[in-house]
Amino acid sequence: MTYHVRIDYSSVYELIGSFMLFVHRKWIRNVENGMEWARSIEQQLPPQWNAYSEKIRKHSLGDFDMLYALALERNHNDIPSYLEQLERLTPDEWDRVRQENGLRLPSFRLERCLELYVPALRFWYEHYIRLSLPEWEPILQHDAEEKRRLLDKIKPQDLIELATNGVVIPEHESVDEVILAPMWHYRPINNNCTFRSRILVLYPVDKPEPDLMVPSHNLRRMTEALADEKRLRILRLVGQKPYTFDEIQEYIPLSTGALKHHLAVLRSAGYIRTYWNGKVQRIALRPEGLADLSAFLEAYIHS
């Protein structure tokens, strides 16, 4: 069954994603300048922010799947309208969205959303997102327009792999739609939410490099990814044939967290192809990445 691909830019995704990253810090190690960014924002936020963050850290990251599902239901792209829409939610609407998206979140109720997440997201918008939005919104809007122009030119799977730098979502009878949404704060990693019949893929977009003397983001990631023996061993292994995560861990004994980190670095550099359908199924070498390294390096040296 062939799924439909839709490009959906909205600053609402950036609101939720940056908020989640800042509060929980789960993936911040794999985000470029992640800790520096977090420390700089901590210095800017008023003291009352701590009351929100301390409470939210006690709850599951699964809460954010519901916030993303509600973002897909939004009537407008702007953040104030999304927050107003959340405030007007009825219990029946809340349950409908949760059930239609197959979300099992018995502890996350509408009351917690209204009493905690809505004021916290509004605070985050007023004190950070609203101020940073002019920096990244035009870049994300431009990228979304480029991806829309490609929709009629390349296959859906190829467009997803291009946007994510290596993620392949196989055709599956349970997936009707894949939503591609450009993101700024998670550069260079992807963030994915799996719902009942659709997958939201939040893919990273870089700021254009204005100085030709500075190596591009891609070239820096490619060279840095190879500067580690463990990552070279992973590439050599998956270059022979595709492997599952557990199989790689058998050959290269690393903790789950360490292996996920190394795979994230390799994926961000474009060296591996991950077959993903709710979770990573297989990991393979992406030969295009090796060819791109040569092309990017030569272009930089001779520019």
# chains A, B, ... in the order shown; residues from 1 in each chain; ligands from 1
$ residues_around --residues "Glu288 in chain A" --least-positions-apart "6" --cutoff "10 Å" --atoms "only C-alpha atoms" --output "JSON, numbers by chain"
{"A": [166, 270, 271, 272, 273]}
$ residues_around --residues "range 66-70 of chain A" --least-positions-apart "2" --cutoff "9 Å" --atoms "only C-alpha atoms" --output "mmCIF file with C-alpha atoms, in the first residue's frame"
data_model
loop_
_atom_site.group_PDB
_atom_site.id
_atom_site.type_symbol
_atom_site.label_atom_id
_atom_site.label_comp_id
_atom_site.auth_asym_id
_atom_site.auth_seq_id
_atom_site.Cartn_x
_atom_site.Cartn_y
_atom_site.Cartn_z
ATOM 1 C CA VAL A 12 3.726 25.104 16.368
ATOM 2 C CA TYR A 13 6.001 22.084 15.835
ATOM 3 C CA ILE A 16 6.545 21.890 21.092
ATOM 4 C CA GLY A 17 9.892 20.430 19.985
ATOM 5 C CA GLY A 62 4.727 10.520 25.905
ATOM 6 C CA ASP A 63 2.707 13.615 26.821
ATOM 7 C CA PHE A 64 4.311 15.383 23.873
ATOM 8 C CA LEU A 72 -1.925 18.103 13.457
ATOM 9 C CA GLU A 73 -5.533 19.054 14.275
ATOM 10 C CA ARG A 74 -4.809 22.796 14.452
ATOM 11 C CA TYR A 82 -2.891 26.782 18.605
ATOM 12 C CA LEU A 86 -5.956 23.933 23.273
ATOM 13 C CA TRP A 94 -9.477 15.275 23.745
ATOM 14 C CA VAL A 97 -7.875 12.818 19.147
ATOM 15 C CA ARG A 98 -6.258 10.357 21.545
ATOM 16 C CA ASN A 101 -4.261 8.448 16.852
ATOM 17 C CA LEU A 103 -2.335 7.018 21.871
ATOM 18 C CA LEU A 105 -1.918 7.898 27.648
ATOM 19 C CA PHE A 108 -2.269 12.422 30.603
ATOM 20 C CA CYS A 113 -2.822 19.941 29.672
ATOM 21 C CA CYS A 193 5.972 10.543 16.209
ATOM 22 C CA PHE A 195 0.299 7.501 15.314
ATOM 23 C CA LEU A 200 5.005 12.730 11.742
#
$ closest_residue --among "A:Tyr186, A:Phe245, A:Tyr251, A:Trp124" --to "Trp27 in chain A" --atoms "only C-alpha atoms"
A:Tyr186
$ residues_around --residues "Lys26 in chain A" --least-positions-apart "6" --cutoff "12 Å" --atoms "only C-alpha atoms" --output "short mmCIF file (atom, residue, chain, number, x, y, z; two decimals) with C-alpha atoms, in the first residue's frame"
data_model
loop_
_atom_site.label_atom_id
_atom_site.label_comp_id
_atom_site.auth_asym_id
_atom_site.auth_seq_id
_atom_site.Cartn_x
_atom_site.Cartn_y
_atom_site.Cartn_z
CA GLY A 17 9.89 20.43 19.99
CA SER A 18 12.14 23.14 21.43
CA PHE A 19 10.12 23.14 24.65
CA MET A 20 10.50 19.36 24.98
CA GLY A 34 22.67 21.80 22.43
CA MET A 35 24.01 22.36 25.93
CA ARG A 57 10.06 16.89 34.11
CA SER A 60 6.43 11.19 30.64
CA LEU A 61 7.78 12.30 27.29
CA TYR A 186 16.90 19.56 16.59
CA ASN A 191 12.31 13.52 15.64
CA GLY A 257 22.73 4.84 24.82
CA HIS A 261 24.49 8.19 19.88
#
$ closest_atom_pairs --of "range 137-165 of chain A" --to "range 274-285 of chain A" --cutoff "12 Å" --atoms "only C-alpha atoms" --output "CSV"
residue,atom,partner,partner_atom,distance
A:Gln157,CA,A:Tyr275,CA,10.7
A:Ile160,CA,A:Trp276,CA,11.1
A:Glu161,CA,A:Thr274,CA,9.2
A:Thr164,CA,A:Thr274,CA,10.1
A:Asn165,CA,A:Thr274,CA,9.6
$ closest_residue --among "A:Val23, A:Leu219, A:Ile252, A:Leu45" --to "Tyr117 in chain A" --atoms "only C-alpha atoms"
A:Val23
$ atom_distance --atom1 "CA of Asn190 in chain A" --atom2 "CA of Leu110 in chain A"
27.9 Å
$ residues_around --residues "Glu135 in chain A" --least-positions-apart "6" --cutoff "12 Å" --atoms "only C-alpha atoms" --output "PDB file with C-alpha atoms, in the first residue's frame"
ATOM      1  CA  TYR A 128      11.799  32.610  23.872  1.00  0.00           C
ATOM      2  CA  ILE A 129      10.068  31.404  20.692  1.00  0.00           C
ATOM      3  CA  GLN A 141       9.316  28.117   5.191  1.00  0.00           C
ATOM      4  CA  TRP A 184      15.267  24.105  13.534  1.00  0.00           C
ATOM      5  CA  HIS A 185      16.149  23.273  17.131  1.00  0.00           C
ATOM      6  CA  ASP A 206      20.391  24.094   8.548  1.00  0.00           C
ATOM      7  CA  LYS A 207      21.061  27.791   8.277  1.00  0.00           C
ATOM      8  CA  PRO A 208      22.803  28.593   4.969  1.00  0.00           C
TER       9      PRO A 208
END
$ residues_around --residues "Arg148 in chain A" --least-positions-apart "6" --cutoff "12 Å" --atoms "only C-alpha atoms" --output "number ranges by chain"
A: 5-9, 141-142, 154, 156, 159-160, 163, 179-182
$ atom_distance --atom1 "CA of Pro106 in chain A" --atom2 "CA of Val178 in chain A"
25.8 Å
$ closest_residue --among "A:Pro91, A:Pro46, A:Pro215, A:Pro170" --to "Ser303 in chain A" --atoms "only C-alpha atoms"
A:Pro215
$ atom_distance --atom1 "CA of Ile234 in chain A" --atom2 "CA of Leu266 in chain A"
9.1 Å
$ closest_residue --among "A:Leu150, A:Glu173, A:Asn192, A:Leu297" --to "Asn218 in chain A" --atoms "only C-alpha atoms"
A:Leu297
$ select_by_dssp --residues "range 26-146 of chain A" --states "alpha helix (DSSP H)" --output "PyMOL selection string"
chain A and resi 34-44+49-56+63-72+79-87+91-100+110-112+118-124+130-146
$ residues_around --residues "Glu100 in chain A" --least-positions-apart "4" --cutoff "9 Å" --atoms "only C-alpha atoms" --output "PyMOL selection string"
chain A and resi 95-96+195-197
$ write_last_selection --atoms "all heavy atoms" --output "compact mmCIF listing (two decimals), in the first residue's frame"
# COMPACT_ATOMS: atom_id res chain seq x y z
N ASP A 95 -10.53 13.09 23.95
CA ASP A 95 -10.61 11.64 23.82
C ASP A 95 -10.64 11.21 22.36
O ASP A 95 -10.07 10.18 22.00
CB ASP A 95 -11.84 11.10 24.56
CG ASP A 95 -11.68 11.16 26.07
OD1 ASP A 95 -10.53 11.18 26.54
OD2 ASP A 95 -12.71 11.19 26.77
N ARG A 96 -11.31 11.99 21.52
CA ARG A 96 -11.38 11.64 20.09
C ARG A 96 -9.98 11.65 19.47
O ARG A 96 -9.60 10.71 18.77
CB ARG A 96 -12.28 12.62 19.35
CG ARG A 96 -12.31 12.38 17.84
CD ARG A 96 -13.04 13.48 17.09
NE ARG A 96 -12.42 14.78 17.25
CZ ARG A 96 -11.34 15.18 16.59
NH1 ARG A 96 -10.73 14.37 15.72
NH2 ARG A 96 -10.85 16.39 16.78
N PHE A 195 1.70 7.57 14.92
CA PHE A 195 0.30 7.50 15.31
C PHE A 195 -0.35 6.28 14.65
O PHE A 195 0.34 5.48 14.04
CB PHE A 195 -0.41 8.80 14.94
CG PHE A 195 0.24 10.02 15.56
CD1 PHE A 195 0.88 10.96 14.76
CD2 PHE A 195 0.23 10.22 16.93
CE1 PHE A 195 1.49 12.07 15.32
CE2 PHE A 195 0.82 11.32 17.50
CZ PHE A 195 1.46 12.25 16.71
N ARG A 196 -1.64 6.15 14.77
CA ARG A 196 -2.30 4.92 14.29
C ARG A 196 -2.11 4.70 12.79
O ARG A 196 -1.78 3.61 12.37
CB ARG A 196 -3.78 4.98 14.63
CG ARG A 196 -4.60 3.83 14.05
CD ARG A 196 -5.93 3.71 14.73
NE ARG A 196 -5.80 3.18 16.09
CZ ARG A 196 -6.63 3.44 17.08
NH1 ARG A 196 -7.64 4.29 16.88
NH2 ARG A 196 -6.48 2.90 18.26
N SER A 197 -2.34 5.70 11.98
CA SER A 197 -2.25 5.51 10.53
C SER A 197 -1.34 6.53 9.85
O SER A 197 -1.32 6.61 8.62
CB SER A 197 -3.65 5.58 9.90
OG SER A 197 -4.23 6.85 10.15
